[in-house]
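Shown next: start21.pdb, containing PDB, C-alpha atoms.
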MODEL        1
ATOM      1  CA  MET I   1     150.707 161.317  41.886
ATOM      2  CA  LYS I   2     148.626 158.273  41.150
ATOM      3  CA  GLN I   3     149.055 156.617  37.811
ATOM      4  CA  ARG I   4     145.919 156.327  35.692
ATOM      5  CA  HIS I   5     144.373 152.920  35.502
ATOM      6  CA  GLY I   6     145.503 151.054  32.410
ATOM      7  CA  ALA I   7     148.386 153.428  31.680
ATOM      8  CA  ARG I   8     151.813 151.980  31.161
ATOM      9  CA  SER I   9     155.170 153.269  32.148
ATOM     10  CA  PRO I  10     157.549 154.558  29.410
ATOM     11  CA  GLU I  11     159.626 151.421  29.838
ATOM     12  CA  ALA I  12     156.565 149.229  29.346
ATOM     13  CA  ARG I  13     155.439 151.168  26.318
ATOM     14  CA  GLY I  14     158.882 150.897  24.764
ATOM     15  CA  HIS I  15     158.953 147.203  25.476
ATOM     16  CA  ARG I  16     155.529 146.743  23.889
ATOM     17  CA  GLN I  17     156.610 148.508  20.676
ATOM     18  CA  LEU I  18     159.575 146.225  20.069
ATOM     19  CA  GLN I  19     159.098 143.972  17.048
ATOM     20  CA  PRO I  20     160.854 140.823  15.923
ATOM     21  CA  ALA I  21     163.888 141.426  13.758
ATOM     22  CA  ASP I  22     162.373 139.611  10.781
ATOM     23  CA  VAL I  23     159.013 141.381  10.816
ATOM     24  CA  HIS I  24     159.775 143.189   7.561
ATOM     25  CA  ASN I  25     160.557 139.928   5.801
ATOM     26  CA  ARG I  26     157.216 138.296   6.533
ATOM     27  CA  GLY I  27     154.996 138.360   3.467
ATOM     28  CA  SER I  28     156.653 141.425   1.991
ATOM     29  CA  GLY I  29     157.115 139.856  -1.401
ATOM     30  CA  ALA I  30     160.606 141.316  -1.714
ATOM     31  CA  THR I  31     163.335 139.551  -3.640
ATOM     32  CA  PRO I  32     165.253 137.293  -1.243
ATOM     33  CA  LEU I  33     168.781 138.425  -0.531
ATOM     34  CA  HIS I  34     171.725 136.081  -0.471
ATOM     35  CA  ILE I  35     174.865 136.738   1.559
ATOM     36  CA  LEU I  36     177.937 136.518  -0.618
ATOM     37  CA  SER I  37     181.150 136.138   1.370
ATOM     38  CA  ASP I  38     184.197 134.362  -0.015
ATOM     39  CA  ARG I  39     186.463 135.139   2.914
ATOM     40  CA  TYR I  40     184.242 133.865   5.697
ATOM     41  CA  PRO I  41     182.046 131.054   4.410
ATOM     42  CA  GLY I  42     179.542 129.577   6.843
ATOM     43  CA  SER I  43     180.279 132.007   9.656
ATOM     44  CA  HIS I  44     179.162 135.413  10.904
ATOM     45  CA  HIS I  45     181.048 138.406   9.661
ATOM     46  CA  PRO I  46     183.884 139.558  11.905
ATOM     47  CA  THR I  47     184.196 143.081  13.121
ATOM     48  CA  GLY I  48     185.023 145.482  10.326
ATOM     49  CA  HIS I  49     184.128 143.075   7.495
ATOM     50  CA  LEU I  50     180.470 143.281   6.543
ATOM     51  CA  PRO I  51     179.067 140.809   4.008
ATOM     52  CA  VAL I  52     177.832 142.090   0.674
ATOM     53  CA  LEU I  53     174.064 141.765   0.101
ATOM     54  CA  ARG I  54     172.938 141.273  -3.482
ATOM     55  CA  SER I  55     169.616 140.367  -5.004
ATOM     56  CA  ALA I  56     169.430 136.932  -6.540
ATOM     57  CA  PRO I  57     169.380 137.248 -10.380
ATOM     58  CA  PRO I  58     166.032 136.294 -11.966
ATOM     59  CA  PRO I  59     166.048 132.951 -13.792
ATOM     60  CA  GLU I  60     166.265 133.209 -17.570
ATOM     61  CA  ALA I  61     163.321 131.950 -19.598
ATOM     62  CA  PRO I  62     163.984 128.897 -21.787
ATOM     63  CA  SER I  63     164.789 129.780 -25.396
ATOM     64  CA  TRP I  64     161.922 127.664 -26.753
ATOM     65  CA  LEU I  65     159.390 130.036 -25.160
ATOM     66  CA  LYS I  66     160.390 132.700 -27.695
ATOM     67  CA  ARG I  67     159.456 130.518 -30.666
ATOM     68  CA  ARG I  68     156.281 131.034 -32.716
ATOM     69  CA  VAL I  69     154.196 128.197 -34.096
ATOM     70  CA  LEU I  70     151.907 128.363 -37.137
ATOM     71  CA  LEU I  71     148.323 127.314 -36.383
ATOM     72  CA  LEU I  72     146.274 125.763 -39.207
ATOM     73  CA  ASN I  73     142.548 125.182 -39.254
ATOM     74  CA  ALA I  74     141.229 121.643 -39.630
ATOM     75  CA  THR I  75     141.086 122.388 -43.380
ATOM     76  CA  TYR I  76     144.794 123.376 -43.377
ATOM     77  CA  GLU I  77     143.886 127.040 -43.755
ATOM     78  CA  PRO I  78     146.465 129.210 -41.950
ATOM     79  CA  LEU I  79     144.927 131.032 -39.006
ATOM     80  CA  THR I  80     147.553 132.723 -36.865
ATOM     81  CA  ALA I  81     150.918 132.379 -35.135
ATOM     82  CA  LEU I  82     150.886 131.090 -31.560
ATOM     83  CA  SER I  83     153.448 131.128 -28.814
ATOM     84  CA  ALA I  84     155.276 127.835 -28.348
ATOM     85  CA  ARG I  85     153.782 127.464 -24.869
ATOM     86  CA  ARG I  86     150.225 127.752 -26.218
ATOM     87  CA  ALA I  87     150.971 125.294 -29.023
ATOM     88  CA  VAL I  88     152.317 122.702 -26.566
ATOM     89  CA  VAL I  89     149.200 123.106 -24.408
ATOM     90  CA  LEU I  90     146.955 122.454 -27.426
ATOM     91  CA  LEU I  91     148.908 119.297 -28.211
ATOM     92  CA  ILE I  92     148.770 117.996 -24.645
ATOM     93  CA  CYS I  93     145.024 118.695 -24.402
ATOM     94  CA  GLY I  94     144.384 116.823 -27.645
ATOM     95  CA  LYS I  95     142.964 119.862 -29.452
ATOM     96  CA  ALA I  96     145.636 119.933 -32.155
ATOM     97  CA  ASP I  97     148.064 117.637 -33.937
ATOM     98  CA  PRO I  98     151.629 118.381 -35.069
ATOM     99  CA  VAL I  99     151.990 118.871 -38.816
ATOM    100  CA  HIS I 100     155.607 119.899 -39.262
ATOM    101  CA  GLN I 101     158.577 119.617 -36.982
ATOM    102  CA  ALA I 102     162.228 120.202 -37.759
ATOM    103  CA  PRO I 103     164.827 117.851 -36.238
ATOM    104  CA  GLU I 104     166.506 120.787 -34.493
ATOM    105  CA  ASN I 105     163.327 121.824 -32.662
ATOM    106  CA  PRO I 106     163.555 121.518 -28.856
ATOM    107  CA  VAL I 107     161.768 118.879 -26.766
ATOM    108  CA  VAL I 108     159.848 119.843 -23.629
ATOM    109  CA  HIS I 109     159.966 117.266 -20.842
ATOM    110  CA  SER I 110     157.467 116.871 -18.024
ATOM    111  CA  ALA I 111     157.172 114.366 -15.197
ATOM    112  CA  GLU I 112     155.142 111.949 -17.323
ATOM    113  CA  SER I 113     155.815 112.761 -20.981
ATOM    114  CA  ALA I 114     157.950 114.582 -23.517
ATOM    115  CA  VAL I 115     156.543 116.862 -26.229
ATOM    116  CA  ALA I 116     158.550 118.100 -29.184
ATOM    117  CA  VAL I 117     157.921 121.790 -29.922
ATOM    118  CA  PRO I 118     156.484 121.802 -33.474
ATOM    119  CA  SER I 119     156.752 124.431 -36.180
ATOM    120  CA  VAL I 120     153.217 123.926 -37.517
ATOM    121  CA  ILE I 121     150.135 122.446 -35.823
ATOM    122  CA  ARG I 122     146.571 121.783 -37.044
ATOM    123  CA  LEU I 123     143.335 121.992 -35.089
ATOM    124  CA  ARG I 124     141.329 118.774 -34.851
ATOM    125  CA  THR I 125     138.029 120.686 -34.962
ATOM    126  CA  TYR I 126     137.144 123.209 -37.661
ATOM    127  CA  VAL I 127     136.889 126.808 -36.474
ATOM    128  CA  ARG I 128     134.741 129.203 -38.474
ATOM    129  CA  VAL I 129     136.565 132.439 -39.208
ATOM    130  CA  PRO I 130     134.638 135.651 -40.001
ATOM    131  CA  TYR I 131     134.954 136.277 -43.727
ATOM    132  CA  ARG I 132     136.645 139.473 -44.826
ATOM    133  CA  ALA I 133     136.241 140.501 -48.422
ATOM    134  CA  ARG I 134     139.248 142.804 -48.209
ATOM    135  CA  VAL I 135     142.531 142.084 -46.473
ATOM    136  CA  PRO I 136     143.378 144.832 -43.960
ATOM    137  CA  MET I 137     146.429 146.775 -45.057
ATOM    138  CA  THR I 138     149.237 146.851 -42.531
ATOM    139  CA  ARG I 139     152.924 147.658 -42.843
ATOM    140  CA  ALA I 140     153.841 143.978 -42.493
ATOM    141  CA  ALA I 141     151.377 142.884 -45.178
ATOM    142  CA  LEU I 142     152.446 145.628 -47.591
ATOM    143  CA  MET I 143     156.102 144.687 -47.206
ATOM    144  CA  HIS I 144     155.227 141.055 -47.907
ATOM    145  CA  ARG I 145     153.235 142.026 -51.012
ATOM    146  CA  ASP I 146     156.138 144.037 -52.436
ATOM    147  CA  ARG I 147     158.759 141.481 -51.334
ATOM    148  CA  TYR I 148     160.581 144.123 -49.280
ATOM    149  CA  ARG I 149     161.663 145.799 -52.526
ATOM    150  CA  CYS I 150     161.248 149.440 -53.494
ATOM    151  CA  GLY I 151     158.426 149.896 -55.980
ATOM    152  CA  TYR I 152     160.417 152.605 -57.770
ATOM    153  CA  CYS I 153     164.036 151.424 -58.038
ATOM    154  CA  GLY I 154     163.914 147.800 -56.832
ATOM    155  CA  GLY I 155     166.279 148.392 -53.900
ATOM    156  CA  LYS I 156     165.708 147.254 -50.339
ATOM    157  CA  ALA I 157     162.510 148.793 -48.989
ATOM    158  CA  GLU I 158     162.615 150.547 -45.645
ATOM    159  CA  THR I 159     159.531 152.770 -45.670
ATOM    160  CA  ILE I 160     156.054 153.051 -47.164
ATOM    161  CA  ASP I 161     155.170 155.755 -49.679
ATOM    162  CA  HIS I 162     151.850 157.075 -50.987
ATOM    163  CA  VAL I 163     152.008 157.146 -54.790
ATOM    164  CA  VAL I 164     149.512 160.001 -54.864
ATOM    165  CA  PRO I 165     150.597 162.086 -51.849
ATOM    166  CA  ARG I 166     148.119 162.508 -49.025
ATOM    167  CA  SER I 167     148.502 166.278 -49.442
ATOM    168  CA  ARG I 168     147.038 165.868 -52.925
ATOM    169  CA  GLY I 169     144.138 163.679 -51.926
ATOM    170  CA  GLY I 170     145.817 160.282 -52.050
ATOM    171  CA  GLU I 171     144.254 157.482 -49.991
ATOM    172  CA  HIS I 172     145.907 155.125 -47.553
ATOM    173  CA  SER I 173     145.001 151.962 -49.450
ATOM    174  CA  TRP I 174     146.527 148.961 -51.190
ATOM    175  CA  GLU I 175     146.146 150.693 -54.564
ATOM    176  CA  ASN I 176     147.989 153.857 -53.474
ATOM    177  CA  CYS I 177     150.709 152.596 -51.130
ATOM    178  CA  VAL I 178     154.000 151.022 -52.103
ATOM    179  CA  ALA I 179     157.124 149.834 -50.329
ATOM    180  CA  SER I 180     159.963 152.285 -50.877
ATOM    181  CA  CYS I 181     163.614 152.778 -50.038
ATOM    182  CA  ALA I 182     164.519 155.855 -48.024
ATOM    183  CA  PRO I 183     166.307 157.713 -50.888
ATOM    184  CA  CYS I 184     163.356 157.307 -53.275
ATOM    185  CA  ASN I 185     160.872 158.289 -50.599
ATOM    186  CA  HIS I 186     162.882 161.414 -49.774
ATOM    187  CA  ARG I 187     163.360 162.375 -53.428
ATOM    188  CA  LYS I 188     159.714 161.861 -54.345
ATOM    189  CA  ALA I 189     158.385 163.830 -51.366
ATOM    190  CA  ASP I 190     154.951 165.205 -52.303
ATOM    191  CA  LYS I 191     155.445 165.039 -56.075
ATOM    192  CA  MET I 192     153.442 163.007 -58.570
ATOM    193  CA  LEU I 193     155.105 160.253 -60.613
ATOM    194  CA  SER I 194     154.376 162.156 -63.807
ATOM    195  CA  GLU I 195     156.332 165.125 -62.504
ATOM    196  CA  LEU I 196     159.396 162.932 -61.941
ATOM    197  CA  GLY I 197     159.011 160.697 -64.977
ATOM    198  CA  TRP I 198     158.857 157.612 -62.731
ATOM    199  CA  VAL I 199     156.873 154.429 -63.271
ATOM    200  CA  LEU I 200     155.987 151.682 -60.847
ATOM    201  CA  ARG I 201     157.731 148.340 -61.223
ATOM    202  CA  ALA I 202     154.465 146.432 -60.640
ATOM    203  CA  PRO I 203     150.770 147.288 -60.398
ATOM    204  CA  LEU I 204     149.441 147.948 -56.912
ATOM    205  CA  VAL I 205     146.638 145.534 -56.097
ATOM    206  CA  SER I 206     144.939 144.264 -52.975
ATOM    207  CA  PRO I 207     146.230 140.739 -52.175
ATOM    208  CA  LYS I 208     143.842 137.821 -51.919
ATOM    209  CA  GLY I 209     144.121 134.481 -50.192
ATOM    210  CA  PRO I 210     143.611 133.000 -46.725
ATOM    211  CA  HIS I 211     147.287 133.261 -45.841
ATOM    212  CA  TRP I 212     147.144 137.076 -45.964
ATOM    213  CA  ARG I 213     145.223 137.047 -42.698
ATOM    214  CA  LEU I 214     148.455 135.852 -41.121
ATOM    215  CA  LEU I 215     150.776 138.024 -43.199
ATOM    216  CA  SER I 216     148.904 141.161 -42.149
ATOM    217  CA  THR I 217     149.795 140.562 -38.485
ATOM    218  CA  THR I 218     153.214 138.874 -38.652
ATOM    219  CA  ALA I 219     156.303 140.718 -39.818
ATOM    220  CA  GLU I 220     158.715 137.766 -39.727
ATOM    221  CA  LEU I 221     157.841 134.338 -41.081
ATOM    222  CA  ASP I 222     159.467 131.063 -40.210
ATOM    223  CA  PRO I 223     160.786 129.552 -43.480
ATOM    224  CA  GLN I 224     159.221 126.259 -42.427
ATOM    225  CA  TRP I 225     155.761 127.872 -42.720
ATOM    226  CA  LEU I 226     155.981 128.887 -46.363
ATOM    227  CA  GLN I 227     154.781 125.580 -47.821
ATOM    228  CA  TYR I 228     151.563 125.926 -45.777
ATOM    229  CA  LEU I 229     150.822 129.537 -46.718
ATOM    230  CA  GLY I 230     150.083 129.022 -50.409
ATOM    231  CA  GLU I 231     151.373 130.885 -53.433
ATOM    232  CA  GLY I 232     152.453 134.445 -52.945
ATOM    233  CA  ALA I 233     153.812 133.938 -49.451
ATOM    234  CA  ALA I 234     157.178 132.503 -50.457
TER     235      ALA I 234
ENDMDL
END
Show this structure as structure tokens.
Amino acid sequence: MKQRHGARSPEARGHRQLQPADVHNRGSGATPLHILSDRYPGSHHPTGHLPVLRSAPPPEAPSWLKRRVLLLNATYEPLTALSARRAVVLLICGKADPVHQAPENPVVHSAESAVAVPSVIRLRTYVRVPYRARVPMTRAALMHRDRYRCGYCGGKAETIDHVVPRSRGGEHSWENCVASCAPCNHRKADKMLSELGWVLRAPLVSPKGPHWRLLSTTAELDPQWLQYLGEGAA
């Protein structure tokens, strides 16, 4: 029987389908594997002793990348908390100047310069911030207002309680929410203060001041920031 024109024999087809051994490693993006062998360094594995293949561990990020830096406006008004990386970029680009730096803060070295990671920086150019007549109420801001103390007994606050329960028409607002410890919150439940004979330790008011824009979004504050946040933040 004549073979069709252009057809290949099974041997030829099998030969054509062979691929290089490293074809799966080209551009796959997989984590490179390192051969770990203490018994046979620098040589191929002998019969019966296969090397162990393990993925290379990812490099750990420098500790300074986890730091937060307070950003002030050109008028020294607190704006927000930046990542340390972003703060260093602003300094290098000449858009901000360091205001406060502790001696223990790390120093970032590059090929041409060294920049100390600051705790507080200030913009060189004033940035207009949209004015808000009322500070948005968040859990972080409420805890800061009440100093992390229960508004009923003065113990350590862990939760937030509605003075007038929501089931009785109470609003979720600065004037009706208070930091509370878990025992007081559980005991009060959906009762009114008059039913328990309780009184609040301090009046519930909406906080005012530029630093509350930061306090409403940041749960933990660097102690080095307090002198730049004004009264009420310390």
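Among the candidates I:Leu79, I:Leu142, I:Leu196, I:Ala114, the residue lying nearest to I:Glu158 is I:Leu142 (atoms considered: all atoms listed in the file).
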So which residues touch I:Ala74 within 6 Å, counting only C-alpha atoms, skipping near sequence neighbours fewer than 5 positions away, as a list in words? Arg122, Leu123, Arg124, Thr125 and Tyr126 of chain I
Can you tell me which residues surround I:Asp161 at a distance of at most 10 Å, considering only C-alpha atoms, apart from same-chain residues fewer than 4 positions away, and format the answer as a list in words?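 Non-adjacent residues within range: Cys150, Gly151, Pro165, Arg166, His172, Asn176, Cys177, Val178, Ala179, Ser180, Cys181, Ala182, Cys184, Asn185, His186, Lys188, Ala189 and Asp190 of chain I.
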Pairwise distance for atom CA of I:Arg149 and atom CA of I:Leu204, rounded to one decimal in Å: 13.2 Å
Compute the distance from (159.6, 128.4, -41.3) to each atom, counting all atoms listed in the file, keep the residues with any atom at most 10 Å away, and return them as a PyMOL selection string; use the coordinates of the file. chain I and resi 68-70+100-102+119-120+220-228
What is the atom CA of I:Thr138 to atom CA of I:Leu82 distance in Å?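 Between atom CA of I:Thr138 and atom CA of I:Leu82 the gap is 19.3 Å.
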Taking all atoms listed in the file into account, name the residue in I:Cys153, I:Val88, I:Ala141, I:Leu72 that is nearest to I:Pro106.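 Ranked by minimum distance to I:Pro106, first place goes to I:Val88.
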What does the distance from atom CA of I:Arg85 to atom CA of I:Val117 come to in Å, to one decimal? 8.7 Å
Looking at all atoms listed in the file, which of I:Cys93, I:Val199, I:Pro118, I:Lys66 is the one that sits closest to I:Asn105?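 Among the listed residues, the smallest separation from I:Asn105 belongs to I:Pro118.
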Quick one: axis-aligned box around all listed atoms of stretch 170-184 of chain I, 5 Å on every side, centre and edge lengths in Å to one decimal, written as JSON.
{"center_x": 155.3, "center_y": 154.6, "center_z": -51.1, "size_x": 32.1, "size_y": 21.3, "size_z": 17.0}
Residue nearest I:Gly209 - candidates I:Arg134, I:Arg147, I:Lys191, I:Arg67, atoms counted: only C-alpha atoms: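 Counting only C-alpha atoms, the residue closest to I:Gly209 is I:Arg134.
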Could you tell me, as an mmCIF file with C-alpha atoms, keeping the file's coordinate frame, exactly which residues end up selected when the PyMOL selection byres ((chain I and resi 97) around 8) is applied to this structure?
data_model
loop_
_atom_site.group_PDB
_atom_site.id
_atom_site.type_symbol
_atom_site.label_atom_id
_atom_site.label_comp_id
_atom_site.auth_asym_id
_atom_site.auth_seq_id
_atom_site.Cartn_x
_atom_site.Cartn_y
_atom_site.Cartn_z
ATOM 1 C CA LEU I 91 148.908 119.297 -28.211
ATOM 2 C CA GLY I 94 144.384 116.823 -27.645
ATOM 3 C CA LYS I 95 142.964 119.862 -29.452
ATOM 4 C CA ALA I 96 145.636 119.933 -32.155
ATOM 5 C CA PRO I 98 151.629 118.381 -35.069
ATOM 6 C CA VAL I 99 151.990 118.871 -38.816
ATOM 7 C CA ILE I 121 150.135 122.446 -35.823
ATOM 8 C CA ARG I 122 146.571 121.783 -37.044
ATOM 9 C CA LEU I 123 143.335 121.992 -35.089
ATOM 10 C CA ARG I 124 141.329 118.774 -34.851
#
